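Below is run-v4.txt, holding compact mmCIF, C-alpha atoms and all ligand atoms.
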# COMPACT_ATOMS: atom_id res chain seq x y z
CA MET A 1 -34.62 -71.28 27.71
CA LYS A 2 -32.39 -69.55 30.26
CA LEU A 3 -28.94 -68.55 29.05
CA TYR A 4 -25.80 -69.10 31.14
CA SER A 5 -22.06 -68.78 30.61
CA ARG A 6 -19.55 -71.54 31.19
CA ILE A 7 -15.74 -71.87 31.10
CA THR A 8 -14.84 -74.33 28.33
CA GLY A 9 -11.05 -73.92 28.29
CA THR A 10 -8.22 -72.46 30.36
CA GLY A 11 -4.68 -71.45 29.43
CA SER A 12 -1.72 -69.66 30.93
CA TYR A 13 1.77 -68.49 30.14
CA LEU A 14 4.81 -67.54 32.21
CA PRO A 15 7.83 -65.81 30.66
CA PRO A 16 10.86 -68.12 30.77
CA ARG A 17 13.08 -66.04 33.10
CA ARG A 18 12.47 -67.47 36.58
CA LEU A 19 14.06 -65.93 39.66
CA THR A 20 14.11 -67.74 42.97
CA ASN A 21 14.18 -65.62 46.12
CA ALA A 22 17.92 -66.29 46.32
CA ASP A 23 18.40 -65.10 42.71
CA LEU A 24 16.42 -61.91 43.42
CA ALA A 25 18.19 -61.30 46.74
CA ALA A 26 21.56 -61.60 44.97
CA GLU A 27 20.47 -59.08 42.29
CA LEU A 28 19.10 -56.66 44.88
CA ALA A 29 22.28 -56.94 46.95
CA THR A 30 24.24 -55.43 44.05
CA GLN A 31 22.03 -52.30 44.50
CA GLY A 32 22.57 -52.28 48.27
CA VAL A 33 19.05 -53.64 48.98
CA GLU A 34 18.98 -56.36 51.61
CA THR A 35 16.48 -59.22 51.69
CA SER A 36 16.53 -62.99 52.13
CA ASP A 37 14.78 -66.17 51.06
CA ASP A 38 13.83 -66.78 54.71
CA TRP A 39 12.08 -63.39 55.10
CA ILE A 40 10.18 -63.67 51.81
CA VAL A 41 9.04 -67.26 52.43
CA GLU A 42 8.03 -66.63 56.04
CA ARG A 43 6.07 -63.39 55.39
CA THR A 44 4.54 -64.22 52.00
CA GLY A 45 4.98 -67.89 50.99
CA ILE A 46 6.65 -66.75 47.75
CA ARG A 47 9.66 -68.82 46.57
CA ALA A 48 10.01 -67.73 42.94
CA ARG A 49 8.56 -65.41 40.28
CA HIS A 50 8.94 -64.94 36.51
CA PHE A 51 10.03 -61.69 34.84
CA ALA A 52 9.40 -60.92 31.17
CA ALA A 53 12.22 -59.84 28.83
CA PRO A 54 12.28 -56.04 28.25
CA GLU A 55 10.68 -56.22 24.77
CA VAL A 56 7.82 -58.48 25.92
CA CYS A 57 4.49 -56.77 26.71
CA SER A 58 1.29 -57.84 28.48
CA SER A 59 -0.33 -58.54 25.09
CA ASP A 60 2.45 -61.04 24.26
CA LEU A 61 1.95 -62.95 27.51
CA GLY A 62 -1.84 -62.74 27.15
CA LEU A 63 -1.64 -63.97 23.55
CA GLU A 64 0.13 -67.20 24.56
CA ALA A 65 -2.35 -67.79 27.40
CA ALA A 66 -5.28 -67.10 25.04
CA ARG A 67 -3.96 -69.54 22.41
CA ARG A 68 -3.70 -72.27 25.05
CA ALA A 69 -7.21 -71.57 26.35
CA LEU A 70 -8.62 -71.69 22.80
CA GLN A 71 -6.89 -75.00 22.19
CA ALA A 72 -8.28 -76.43 25.44
CA ALA A 73 -11.78 -75.27 24.46
CA GLY A 74 -11.43 -76.67 20.91
CA ALA A 75 -12.20 -73.17 19.60
CA GLU A 76 -10.68 -70.98 16.88
CA ALA A 77 -9.71 -67.32 17.25
CA THR A 78 -12.28 -66.47 14.58
CA ASP A 79 -15.06 -67.93 16.81
CA ILE A 80 -14.38 -65.28 19.48
CA ASP A 81 -16.76 -62.31 19.59
CA LEU A 82 -15.57 -60.70 22.84
CA ILE A 83 -12.11 -60.14 24.32
CA ILE A 84 -11.63 -58.58 27.74
CA VAL A 85 -8.11 -58.07 29.06
CA ALA A 86 -7.69 -57.28 32.75
CA THR A 87 -4.38 -55.48 33.22
CA SER A 88 -2.75 -52.65 35.14
CA THR A 89 0.36 -52.84 32.95
CA PRO A 90 -1.03 -52.15 29.46
CA ASP A 91 1.22 -52.11 26.38
CA MET A 92 0.39 -48.46 25.65
CA VAL A 93 -1.64 -45.55 27.03
CA PHE A 94 -3.97 -46.44 24.16
CA PRO A 95 -5.21 -48.39 22.27
CA SER A 96 -6.22 -51.06 24.74
CA THR A 97 -4.09 -54.15 25.25
CA ALA A 98 -7.22 -56.10 24.23
CA CYS A 99 -7.15 -54.48 20.74
CA ILE A 100 -3.42 -55.18 20.36
CA LEU A 101 -3.87 -58.79 21.47
CA GLN A 102 -6.96 -59.24 19.26
CA ASN A 103 -4.94 -58.33 16.18
CA LYS A 104 -2.03 -60.63 17.12
CA LEU A 105 -4.51 -63.46 17.70
CA GLY A 106 -6.46 -62.87 14.48
CA ALA A 107 -9.83 -62.34 16.15
CA ASN A 108 -10.36 -59.01 14.34
CA GLY A 109 -13.88 -57.64 14.48
CA SER A 110 -14.75 -58.93 17.96
CA THR A 111 -15.61 -56.55 20.79
CA ALA A 112 -12.35 -55.85 22.65
CA PHE A 113 -11.58 -53.72 25.69
CA ASP A 114 -9.47 -53.58 28.86
CA VAL A 115 -10.62 -53.64 32.44
CA GLN A 116 -8.64 -51.83 35.11
CA ALA A 117 -9.37 -53.13 38.60
CA VAL A 118 -5.76 -54.06 39.51
CA CYS A 119 -5.61 -57.44 41.30
CA SER A 120 -9.42 -57.84 41.15
CA GLY A 121 -9.32 -57.27 37.38
CA PHE A 122 -9.96 -60.86 36.35
CA ILE A 123 -12.97 -61.13 38.69
CA TYR A 124 -14.36 -57.90 37.22
CA ALA A 125 -13.66 -59.04 33.63
CA LEU A 126 -15.24 -62.47 34.15
CA THR A 127 -18.36 -60.89 35.66
CA ILE A 128 -18.70 -58.46 32.73
CA ALA A 129 -18.22 -61.26 30.17
CA ASP A 130 -20.83 -63.37 32.00
CA ALA A 131 -23.32 -60.49 31.92
CA MET A 132 -22.68 -59.86 28.21
CA ILE A 133 -23.17 -63.54 27.37
CA LYS A 134 -26.35 -63.77 29.49
CA SER A 135 -27.73 -60.66 27.75
CA GLY A 136 -27.03 -62.14 24.31
CA ALA A 137 -24.39 -59.49 23.47
CA ALA A 138 -21.67 -62.15 23.08
CA LYS A 139 -21.49 -65.91 22.58
CA LYS A 140 -17.86 -66.89 22.97
CA ALA A 141 -15.48 -64.73 24.98
CA LEU A 142 -11.82 -64.72 25.87
CA VAL A 143 -11.27 -63.34 29.36
CA ILE A 144 -7.61 -62.69 30.02
CA GLY A 145 -5.50 -61.42 32.90
CA ALA A 146 -2.04 -60.32 31.73
CA GLU A 147 0.63 -58.38 33.58
CA VAL A 148 4.24 -57.25 33.40
CA PHE A 149 4.35 -55.94 36.96
CA SER A 150 8.17 -56.03 36.91
CA ARG A 151 7.94 -52.78 34.86
CA ILE A 152 6.32 -50.83 37.70
CA LEU A 153 8.37 -52.18 40.61
CA ASP A 154 10.76 -50.00 42.57
CA PHE A 155 13.73 -52.33 43.00
CA LYS A 156 15.06 -50.07 45.76
CA ASP A 157 11.94 -50.77 47.85
CA ARG A 158 12.32 -54.23 49.38
CA THR A 159 8.86 -54.07 50.96
CA THR A 160 7.24 -54.35 47.49
CA CYS A 161 9.71 -55.53 44.83
CA VAL A 162 10.00 -59.06 46.23
CA LEU A 163 6.25 -59.64 46.03
CA PHE A 164 5.29 -59.40 42.36
CA GLY A 165 5.85 -61.27 39.09
CA ASP A 166 4.83 -61.33 35.42
CA GLY A 167 2.49 -63.75 33.63
CA ALA A 168 -0.89 -64.28 32.02
CA GLY A 169 -3.91 -66.53 32.29
CA ALA A 170 -7.01 -66.86 30.13
CA VAL A 171 -10.35 -68.62 29.92
CA VAL A 172 -12.79 -69.19 27.09
CA LEU A 173 -16.29 -68.38 28.39
CA GLU A 174 -19.19 -69.61 26.23
CA ALA A 175 -22.96 -69.37 26.17
CA SER A 176 -24.46 -72.53 27.62
CA ASP A 177 -27.87 -73.87 28.63
CA THR A 178 -26.41 -75.19 31.89
CA PRO A 179 -24.80 -72.93 34.52
CA GLY A 180 -21.38 -72.25 34.68
CA ILE A 181 -21.16 -68.98 36.50
CA LEU A 182 -23.68 -69.05 39.35
CA ALA A 183 -23.13 -65.70 41.07
CA SER A 184 -20.68 -62.87 41.48
CA ASP A 185 -20.14 -59.88 43.71
CA LEU A 186 -18.09 -56.78 42.83
CA HIS A 187 -17.21 -53.76 44.96
CA ALA A 188 -14.87 -50.81 45.14
CA ASP A 189 -14.09 -48.08 47.66
CA GLY A 190 -12.05 -45.23 46.25
CA LYS A 191 -11.22 -43.77 49.65
CA HIS A 192 -8.37 -46.32 49.85
CA VAL A 193 -6.63 -45.15 46.64
CA GLY A 194 -3.46 -44.23 48.52
CA ILE A 195 -2.67 -47.59 50.14
CA LEU A 196 -1.86 -49.34 46.83
CA CYS A 197 -1.13 -47.26 43.77
CA VAL A 198 1.23 -46.24 40.97
CA PRO A 199 0.91 -42.47 41.30
CA GLY A 200 2.28 -41.43 37.90
CA HIS A 201 0.75 -40.24 34.62
CA VAL A 202 1.71 -39.00 31.18
CA SER A 203 1.28 -35.30 30.45
CA GLY A 204 2.77 -33.03 27.81
CA GLY A 205 5.13 -35.77 26.62
CA LYS A 206 6.53 -36.42 30.10
CA VAL A 207 5.89 -38.86 32.90
CA LEU A 208 4.68 -36.88 35.89
CA GLY A 209 4.47 -38.15 39.46
CA ASP A 210 6.09 -41.47 40.28
CA PRO A 211 5.24 -44.38 37.97
CA LEU A 212 6.35 -47.06 40.45
CA LEU A 213 4.24 -49.17 42.79
CA LYS A 214 3.66 -47.86 46.32
CA MET A 215 1.96 -49.98 48.96
CA ASP A 216 1.15 -49.81 52.64
CA GLY A 217 1.41 -53.58 53.04
CA GLN A 218 -0.08 -53.79 56.52
CA ALA A 219 -3.10 -51.62 55.63
CA VAL A 220 -3.72 -53.73 52.50
CA PHE A 221 -3.36 -56.94 54.50
CA LYS A 222 -5.89 -55.90 57.16
CA LEU A 223 -8.45 -54.66 54.65
CA ALA A 224 -8.00 -57.69 52.36
CA VAL A 225 -8.82 -60.32 54.96
CA GLY A 226 -12.19 -58.78 55.90
CA LEU A 227 -13.25 -57.87 52.36
CA LEU A 228 -12.42 -61.29 50.91
CA ASP A 229 -14.56 -62.94 53.55
CA GLU A 230 -17.42 -60.53 52.84
CA ALA A 231 -17.21 -61.10 49.06
CA ALA A 232 -17.12 -64.88 49.53
CA ARG A 233 -20.18 -64.89 51.79
CA ASN A 234 -22.18 -62.50 49.57
CA THR A 235 -21.49 -64.59 46.48
CA LEU A 236 -22.35 -67.89 48.16
CA ALA A 237 -25.59 -66.38 49.53
CA LYS A 238 -26.62 -65.11 46.07
CA ALA A 239 -26.35 -68.69 44.75
CA GLY A 240 -28.01 -70.28 47.80
CA LYS A 241 -24.80 -72.12 48.70
CA VAL A 242 -22.64 -72.36 51.81
CA ALA A 243 -18.85 -72.53 52.20
CA ALA A 244 -18.98 -76.29 52.82
CA ASP A 245 -20.35 -76.74 49.26
CA ILE A 246 -17.13 -75.35 47.72
CA ASP A 247 -14.82 -77.93 46.13
CA TRP A 248 -12.02 -75.41 45.50
CA LEU A 249 -11.19 -71.89 46.59
CA VAL A 250 -9.12 -70.16 43.89
CA PRO A 251 -8.00 -66.94 45.57
CA HIS A 252 -5.92 -64.08 44.24
CA GLN A 253 -2.33 -65.16 44.87
CA ALA A 254 -0.79 -62.32 46.91
CA ASN A 255 0.30 -63.79 50.21
CA ILE A 256 -0.14 -67.30 51.67
CA ARG A 257 -1.04 -65.76 55.04
CA ILE A 258 -4.01 -63.91 53.50
CA MET A 259 -5.15 -67.15 51.83
CA GLN A 260 -4.82 -69.10 55.10
CA SER A 261 -6.81 -66.50 56.95
CA THR A 262 -9.58 -66.44 54.30
CA ALA A 263 -9.80 -70.23 54.36
CA ARG A 264 -9.90 -70.24 58.17
CA LYS A 265 -12.78 -67.74 58.24
CA LEU A 266 -14.74 -69.90 55.75
CA LYS A 267 -13.78 -73.05 57.72
CA LEU A 268 -12.19 -74.54 54.60
CA PRO A 269 -9.12 -76.76 54.97
CA MET A 270 -6.03 -75.54 53.08
CA ASP A 271 -6.15 -78.67 50.90
CA LYS A 272 -9.22 -77.11 49.22
CA VAL A 273 -7.28 -73.95 48.37
CA ILE A 274 -5.35 -73.63 45.09
CA VAL A 275 -1.92 -72.17 45.88
CA THR A 276 0.52 -71.01 43.20
CA VAL A 277 1.87 -67.89 44.93
CA ASP A 278 4.96 -69.91 45.90
CA GLN A 279 5.93 -70.32 42.23
CA HIS A 280 4.40 -67.19 40.59
CA GLY A 281 4.51 -64.45 43.23
CA ASN A 282 1.72 -61.89 42.94
CA THR A 283 0.88 -61.47 39.23
CA SER A 284 -2.05 -59.12 39.94
CA ALA A 285 -4.90 -59.60 37.40
CA ALA A 286 -3.17 -62.70 36.00
CA SER A 287 -2.95 -64.57 39.29
CA ILE A 288 -6.40 -66.21 39.39
CA PRO A 289 -6.48 -67.47 35.76
CA LEU A 290 -2.86 -68.66 36.17
CA ALA A 291 -3.79 -70.57 39.34
CA LEU A 292 -6.97 -71.93 37.73
CA ASP A 293 -5.14 -73.20 34.66
CA ALA A 294 -2.40 -74.82 36.77
CA ALA A 295 -5.07 -76.57 38.85
CA VAL A 296 -7.02 -77.75 35.79
CA ARG A 297 -3.95 -79.01 33.92
CA SER A 298 -2.59 -80.85 36.97
CA GLY A 299 -5.94 -82.71 37.19
CA LYS A 300 -6.64 -81.29 40.67
CA VAL A 301 -9.73 -79.35 39.63
CA LYS A 302 -12.24 -81.36 37.59
CA PRO A 303 -15.23 -80.53 35.37
CA GLY A 304 -18.45 -80.11 37.34
CA GLU A 305 -16.75 -79.02 40.56
CA LEU A 306 -17.80 -75.88 42.46
CA LEU A 307 -15.16 -73.15 42.50
CA LEU A 308 -15.05 -69.85 44.37
CA LEU A 309 -12.71 -67.29 42.79
CA GLU A 310 -11.98 -64.17 44.84
CA ALA A 311 -9.68 -61.16 44.82
CA VAL A 312 -8.83 -57.78 46.31
CA GLY A 313 -6.69 -55.09 44.76
CA GLY A 314 -5.83 -51.43 44.36
CA GLY A 315 -8.71 -49.02 44.17
CA PHE A 316 -9.61 -50.55 46.59
CA THR A 317 -11.49 -53.20 44.59
CA TRP A 318 -12.74 -56.60 45.64
CA GLY A 319 -15.06 -59.34 44.48
CA ALA A 320 -15.77 -63.02 43.95
CA VAL A 321 -17.25 -65.37 41.35
CA LEU A 322 -18.86 -68.73 42.14
CA LEU A 323 -18.95 -71.21 39.27
CA ASN A 324 -19.37 -74.79 38.24
CA LEU A 325 -16.47 -75.76 36.02
O1 LIG B 1 -2.64 -57.88 45.50
C1 LIG B 1 -2.82 -57.23 46.72
C2 LIG B 1 -1.51 -56.65 46.98
N1 LIG B 1 -0.85 -56.74 48.17
C3 LIG B 1 -0.93 -57.58 49.22
O2 LIG B 1 -1.71 -58.46 49.33
C4 LIG B 1 0.08 -57.33 50.29
C5 LIG B 1 -0.50 -57.37 51.67
N2 LIG B 1 0.52 -57.22 52.67
C6 LIG B 1 1.48 -58.15 52.88
O3 LIG B 1 1.50 -59.18 52.24
C7 LIG B 1 2.47 -57.91 54.01
O4 LIG B 1 2.10 -56.77 54.74
C8 LIG B 1 3.92 -57.74 53.49
C9 LIG B 1 4.42 -59.07 52.96
C10 LIG B 1 3.98 -56.69 52.41
C11 LIG B 1 4.84 -57.33 54.65
O5 LIG B 1 4.77 -58.28 55.69
P1 LIG B 1 4.63 -57.80 57.21
O6 LIG B 1 4.62 -59.02 58.03
O7 LIG B 1 3.44 -56.87 57.29
O8 LIG B 1 6.00 -57.04 57.44
P2 LIG B 1 6.24 -55.53 57.88
O9 LIG B 1 5.86 -54.60 56.79
O10 LIG B 1 5.64 -55.34 59.22
O11 LIG B 1 7.81 -55.51 58.03
C12 LIG B 1 8.45 -56.26 59.08
C13 LIG B 1 9.94 -56.02 58.98
C14 LIG B 1 10.34 -54.55 58.87
O12 LIG B 1 11.52 -54.37 59.63
P3 LIG B 1 11.46 -53.76 61.13
O13 LIG B 1 10.83 -52.41 60.96
O14 LIG B 1 10.62 -54.71 61.90
O15 LIG B 1 12.89 -53.73 61.51
C15 LIG B 1 10.65 -54.35 57.42
O16 LIG B 1 11.58 -53.33 57.20
O17 LIG B 1 10.45 -56.64 57.78
C16 LIG B 1 11.24 -55.69 57.05
N3 LIG B 1 11.14 -56.00 55.63
C17 LIG B 1 11.97 -56.83 55.00
N4 LIG B 1 13.03 -57.54 55.41
C18 LIG B 1 13.67 -58.30 54.52
C19 LIG B 1 10.21 -55.55 54.75
N5 LIG B 1 10.43 -56.09 53.54
C20 LIG B 1 11.51 -56.89 53.68
C21 LIG B 1 12.22 -57.71 52.77
N6 LIG B 1 13.28 -58.40 53.23
N7 LIG B 1 11.85 -57.86 51.47

For this file, write the structure as structure tokens.
Amino acid sequence: MKLYSRITGTGSYLPPRRLTNADLAAELATQGVETSDDWIVERTGIRARHFAAPEVCSSDLGLEAARRALQAAGAEATDIDLIIVATSTPDMVFPSTACILQNKLGANGSTAFDVQAVCSGFIYALTIADAMIKSGAAKKALVIGAEVFSRILDFKDRTTCVLFGDGAGAVVLEASDTPGILASDLHADGKHVGILCVPGHVSGGKVLGDPLLKMDGQAVFKLAVGLLDEAARNTLAKAGKVAADIDWLVPHQANIRIMQSTARKLKLPMDKVIVTVDQHGNTSAASIPLALDAAVRSGKVKPGELLLLEAVGGGFTWGAVLLNL
């Protein structure tokens, strides 16, 4: 019998501190940085984001999301034999955030590792978990995207600091005799490292370089629109499907204009696109599982429906996953 993987539960968590654009603009104004609700809404669609308290790490946010996903799946932490955390804001240089989270959750003994593919991290992690389940290497996985991007923002740079937020999302992915994940498509092109990066590192007990996010927004925007379309089409073709078959597009939540343009290219109406960027901002690897969980819990997305998940991010990385919920 052929083995597949299927999502059996979703969960998410946002830290309680919520800042509207007006709240953020007022805070930035005290540093002499000028922005406005109108500019942020018009250029990005973002209205609010959540920031974690200083002592809260990615593993804490991921832990809450994982607990909720386990509850939704009717599973126990001790059932889990694989944990993958997609994050670009790990708790430590090492060990992995997945190991830290595993211990907090009480899933000790499972395989646990992090994936670093920036905003495409959840798509990468889900594809790896799917492959491990299909190969028999795992039976019940937690795939988590967790970020505290507020830690790597330069609050003097208004072109980036208004865009990102903190949060986590998770899914339980289980072995199944009916498909779940139908196809996926992953890519990277390292020649674009410089357009979206945090060019700092630790050496000799010091932080060298600049450990804050740098982005050429227009270059990212242009590249993103083409690559998302390519990933969507490749993934659909691998599964013998067409865009019209999709019930829901669950894109990485970076900018409403990128989502509108992707939907337009696929000839999908915006009412088939899950949008949470207005309330979450860009939470990098957490954005897709956060959006998915919001859509599942609101009753919008239902079991059996066909979902296309897709993302682009620093690296440059990009990819998509097509699945039946
Ligand atoms: O996860 C993937 C990560 N990133 C992305 O997906 C981001 C992709 N890029 C974008 O979303 C957009 O390029 C941005 C939202 C970052 C910028 O939007 P834009 O329409 O490309 O604006 P722009 O960079 O061309 O800037 C237009 C103007 C500039 O002023 P001048 O030169 O026209 O006078 C900026 O200085 O807007 C100004 N500006 C701002 N004004 C108020 C830039 N940031 C702000 C701000 N508030 N926060």

Can you work out which one of A:Asp157, A:Asp245, A:Asp79, A:Glu230 has the shortest atom-to-atom distance to ligand LIG 1 (chain B), counting all atoms listed in the file? A:Asp157

Just want the 10 Å neighbourhood of Ala22 in chain A, counted on only C-alpha atoms, with same-chain residues fewer than 5 positions away dropped. Output as a PyMOL selection string. chain A and resi 27-28+35-38+40+47-48

Store the residues picked out above, limited to C-alpha atoms, as a compact mmCIF listing (two decimals), keeping the file's coordinate frame.
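See selection_11.txt below for the written result:
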# COMPACT_ATOMS: atom_id res chain seq x y z
CA GLU A 27 20.47 -59.08 42.29
CA LEU A 28 19.10 -56.66 44.88
CA THR A 35 16.48 -59.22 51.69
CA SER A 36 16.53 -62.99 52.13
CA ASP A 37 14.78 -66.17 51.06
CA ASP A 38 13.83 -66.78 54.71
CA ILE A 40 10.18 -63.67 51.81
CA ARG A 47 9.66 -68.82 46.57
CA ALA A 48 10.01 -67.73 42.94

At most 9 Å from ligand LIG 1 (chain B) (all atoms listed in the file): residue list as number ranges by chain: A: 25, 33-40, 42-44, 118-120, 157-164, 196, 215-224, 252-258, 282-285, 311-314

For CA of Leu227 in chain A and CA of Ser88 in chain A, quote the distance in Å rounded to one decimal.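 So the two atoms, CA of Leu227 in chain A and CA of Ser88 in chain A, lie 20.8 Å apart.
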
Å distance separating CA of Met132 in chain A from CA of Ala232 in chain A, one decimal place: 22.6 Å

Correct to one decimal, the distance CA of Ser176 in chain A-CA of Ala231 in chain A is 25.4 Å

Which residue gives the smallest distance to Cys197 in chain A among A:Leu19, A:Leu212, A:Ala73, A:Ala291, with all atoms listed in the file counted?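 Of A:Leu19, A:Leu212, A:Ala73, A:Ala291, the one nearest Cys197 in chain A is A:Leu212, counting all atoms listed in the file.
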
Residues within 10 Å of Leu101 in chain A, please, as an MDAnalysis selection string. Count all atoms listed in the file; anything in the same chain fewer than 4 positions from it doesn't count. chainID A and resid 58:64 66 83:85 91 96:97 105:108 112

Can you tell me which residues surround range 167-175 of chain A at a distance of at most 7 Å, considering all atoms listed in the file, apart from same-chain residues fewer than 4 positions away, and format the answer as a PyMOL selection string? chain A and resi 3-15+61-62+65-66+69-70+73+133+139-148+283+286+289-290

As number ranges by chain, please: the residues near Gly209 in chain A (cut-off 7 Å, all atoms listed in the file, same-chain neighbours under 3 positions excluded). A: 199-201

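Distances here use only C-alpha atoms; by that measure, the residue among A:Asp177, A:Asp23, A:Asp130, A:Asp189 closest to Leu82 in chain A is A:Asp130.
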
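Here the question is which of A:Lys104, A:Lys214, A:Lys272, A:His192 gets nearest to Thr317 in chain A using only C-alpha atoms, and that residue is A:His192.
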
When you count only C-alpha atoms, which of these residues is closest to Asp278 in chain A: A:Gly204, A:Gly165, A:Gly180, A:Gly299? A:Gly165

Pick from A:Val273, A:Ala263, A:Ala129, A:Ala52 nearest to Leu249 in chain A, counting only C-alpha atoms: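 The closest residue to Leu249 in chain A is A:Val273.
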